[in-house]
Amino acid sequence: MALDVSVALCTRNGARYLPEQVRSICAQTPLPREIVLSDDGSTDDTLAVVRDTLAQCGVADQVALRVFSNTPPLGVTRNFEQAARACSHELIALCDQDDAWHPGRLARMVAQFEARPDLLLLHTDARLVDAELKPLGSTLFHALEVQPAELAAIANGEAFGVLLRRNLVTGATTMFRKTLLDTALPFAPEWVHDEWLAAVAAAIGRVDVLPEPTIDYRQHASNQIGARRLTLSEKMAKAFAERGDKHVARLRRAEALLLRLQQLGARVPAAYLEAQRAKVEHQRFRAELPAARPLRLLLILIEAARGRYARFGRGGHAIAQDLLERG
């Protein structure tokens, strides 16, 4: 049975970039059945640009447009939550205002869901481009330093373990079944929407990845969330930065996911629940490390020997960060 697609498009003052994105959606085969546009307090002509571009593409009678205007703005996560809630069809494609979809993207992704009833969420790589959509010679996965072993683990049904270490799912590349919202709503306020959807999906079903780019992911000064591979000097500066409250924030995120998994009961494998409990313990350990560097050394070595830095973070990267950060 053919599965219909809703596009959850979130905007804020996106008039400059929206024509390319809307045209790229209109060029898809099959066309999405609807675009749910959730606008977060735009002061430019964002809404008019979307309507006019749809009309120019000649698909206004085939692609329904539903519009929400938020005053005051909801913020990124709540804006996407509102758009996703309002989507009507079996598959939901998240959509940023400033990107452009590659031809055949929807057909490729929909085919995966039609062939695999257990597939709950699918994401892909993206080609990085500048403000004028000129390729920057890199991809999103390259910027994130995604490893072949991580992609292989996801393909083998081990996405939950991969996402315990770090998020690899970018919303602009993501499609998921509407049924995921039964367990993912409401989105936890401690999380970004795409990371939350991926974590919940991996806990209760199958998450997979297409390793090739399916969108142009525009990088410009107004990106709310961008992607760029850090240089060695930037990594060193980050390692020696102030600890601040980021580790406390990560603990709160881990606790929020644990609470949701507990609420889902038997839908979550016991091993996943236990792993998330251990993740909470590890994040609490990191949040409570002493401010003085010399006092951290033995504690970090013990935690590393337990294997938790490798299981719940990026191993040596995380160890170096905890050793070097200023308290």
# chains A, B, ... in the order shown; residues from 1 in each chain; ligands from 1
$ select_by_dssp --residues "stretch 136-313 of chain A" --states "alpha helix (DSSP H)" --output "count of residues only"
98
$ residues_around --residues "A:Phe312" --least-positions-apart "5" --cutoff "10 Å" --atoms "only C-alpha atoms" --output "PyMOL selection string"
chain A and resi 161-166+275-276+278-280+282-283+307+318
$ closest_residue --among "A:Pro294, A:Gly41, A:Pro30, A:Gly205" --to "A:Leu106" --atoms "only C-alpha atoms"
A:Pro30
$ atom_distance --atom1 "atom CA of A:Leu122" --atom2 "atom CA of A:Lys246"
28.4 Å
$ atom_distance --atom1 "atom CA of A:Asp208" --atom2 "atom CA of A:His317"
25.5 Å
$ decode --residues "stretch 164-180 of chain A" --atoms "N, CA and C atoms" --output "PDB file, in the first residue's frame"
ATOM      1  N   LEU A 164      23.182   6.264  22.325  1.00  0.00           N
ATOM      2  CA  LEU A 164      23.616   6.426  23.718  1.00  0.00           C
ATOM      3  C   LEU A 164      24.910   7.225  23.788  1.00  0.00           C
ATOM      4  N   ARG A 165      25.756   7.066  22.764  1.00  0.00           N
ATOM      5  CA  ARG A 165      27.046   7.759  22.755  1.00  0.00           C
ATOM      6  C   ARG A 165      26.913   9.198  22.271  1.00  0.00           C
ATOM      7  N   ARG A 166      26.175   9.377  21.174  1.00  0.00           N
ATOM      8  CA  ARG A 166      25.987  10.728  20.646  1.00  0.00           C
ATOM      9  C   ARG A 166      24.912  10.686  19.569  1.00  0.00           C
ATOM     10  N   ASN A 167      24.325  11.836  19.315  1.00  0.00           N
ATOM     11  CA  ASN A 167      23.291  11.913  18.287  1.00  0.00           C
ATOM     12  C   ASN A 167      23.918  12.049  16.901  1.00  0.00           C
ATOM     13  N   LEU A 168      23.377  11.307  15.938  1.00  0.00           N
ATOM     14  CA  LEU A 168      23.804  11.425  14.546  1.00  0.00           C
ATOM     15  C   LEU A 168      22.644  11.825  13.637  1.00  0.00           C
ATOM     16  N   VAL A 169      21.466  12.056  14.199  1.00  0.00           N
ATOM     17  CA  VAL A 169      20.256  12.272  13.413  1.00  0.00           C
ATOM     18  C   VAL A 169      19.967  13.765  13.315  1.00  0.00           C
ATOM     19  N   THR A 170      19.921  14.279  12.096  1.00  0.00           N
ATOM     20  CA  THR A 170      19.605  15.685  11.848  1.00  0.00           C
ATOM     21  C   THR A 170      18.201  15.766  11.262  1.00  0.00           C
ATOM     22  N   GLY A 171      17.355  16.573  11.893  1.00  0.00           N
ATOM     23  CA  GLY A 171      15.951  16.614  11.526  1.00  0.00           C
ATOM     24  C   GLY A 171      15.690  16.927  10.069  1.00  0.00           C
ATOM     25  N   ALA A 172      16.490  17.802   9.482  1.00  0.00           N
ATOM     26  CA  ALA A 172      16.265  18.206   8.094  1.00  0.00           C
ATOM     27  C   ALA A 172      16.385  17.044   7.121  1.00  0.00           C
ATOM     28  N   THR A 173      17.006  15.937   7.555  1.00  0.00           N
ATOM     29  CA  THR A 173      17.169  14.761   6.698  1.00  0.00           C
ATOM     30  C   THR A 173      16.209  13.632   7.070  1.00  0.00           C
ATOM     31  N   THR A 174      15.308  13.875   8.012  1.00  0.00           N
ATOM     32  CA  THR A 174      14.586  12.792   8.684  1.00  0.00           C
ATOM     33  C   THR A 174      13.153  12.626   8.210  1.00  0.00           C
ATOM     34  N   MET A 175      12.730  11.357   8.121  1.00  0.00           N
ATOM     35  CA  MET A 175      11.336  10.989   7.905  1.00  0.00           C
ATOM     36  C   MET A 175      10.973   9.928   8.939  1.00  0.00           C
ATOM     37  N   PHE A 176       9.746   9.982   9.448  1.00  0.00           N
ATOM     38  CA  PHE A 176       9.330   8.987  10.433  1.00  0.00           C
ATOM     39  C   PHE A 176       7.845   8.693  10.295  1.00  0.00           C
ATOM     40  N   ARG A 177       7.447   7.560  10.858  1.00  0.00           N
ATOM     41  CA  ARG A 177       6.027   7.206  10.855  1.00  0.00           C
ATOM     42  C   ARG A 177       5.279   8.057  11.877  1.00  0.00           C
ATOM     43  N   LYS A 178       4.091   8.473  11.501  1.00  0.00           N
ATOM     44  CA  LYS A 178       3.275   9.289  12.404  1.00  0.00           C
ATOM     45  C   LYS A 178       3.014   8.563  13.724  1.00  0.00           C
ATOM     46  N   THR A 179       2.986   7.236  13.688  1.00  0.00           N
ATOM     47  CA  THR A 179       2.730   6.478  14.915  1.00  0.00           C
ATOM     48  C   THR A 179       3.797   6.704  15.980  1.00  0.00           C
ATOM     49  N   LEU A 180       4.987   7.166  15.583  1.00  0.00           N
ATOM     50  CA  LEU A 180       6.023   7.474  16.566  1.00  0.00           C
ATOM     51  C   LEU A 180       5.553   8.534  17.547  1.00  0.00           C
TER      52      LEU A 180
END
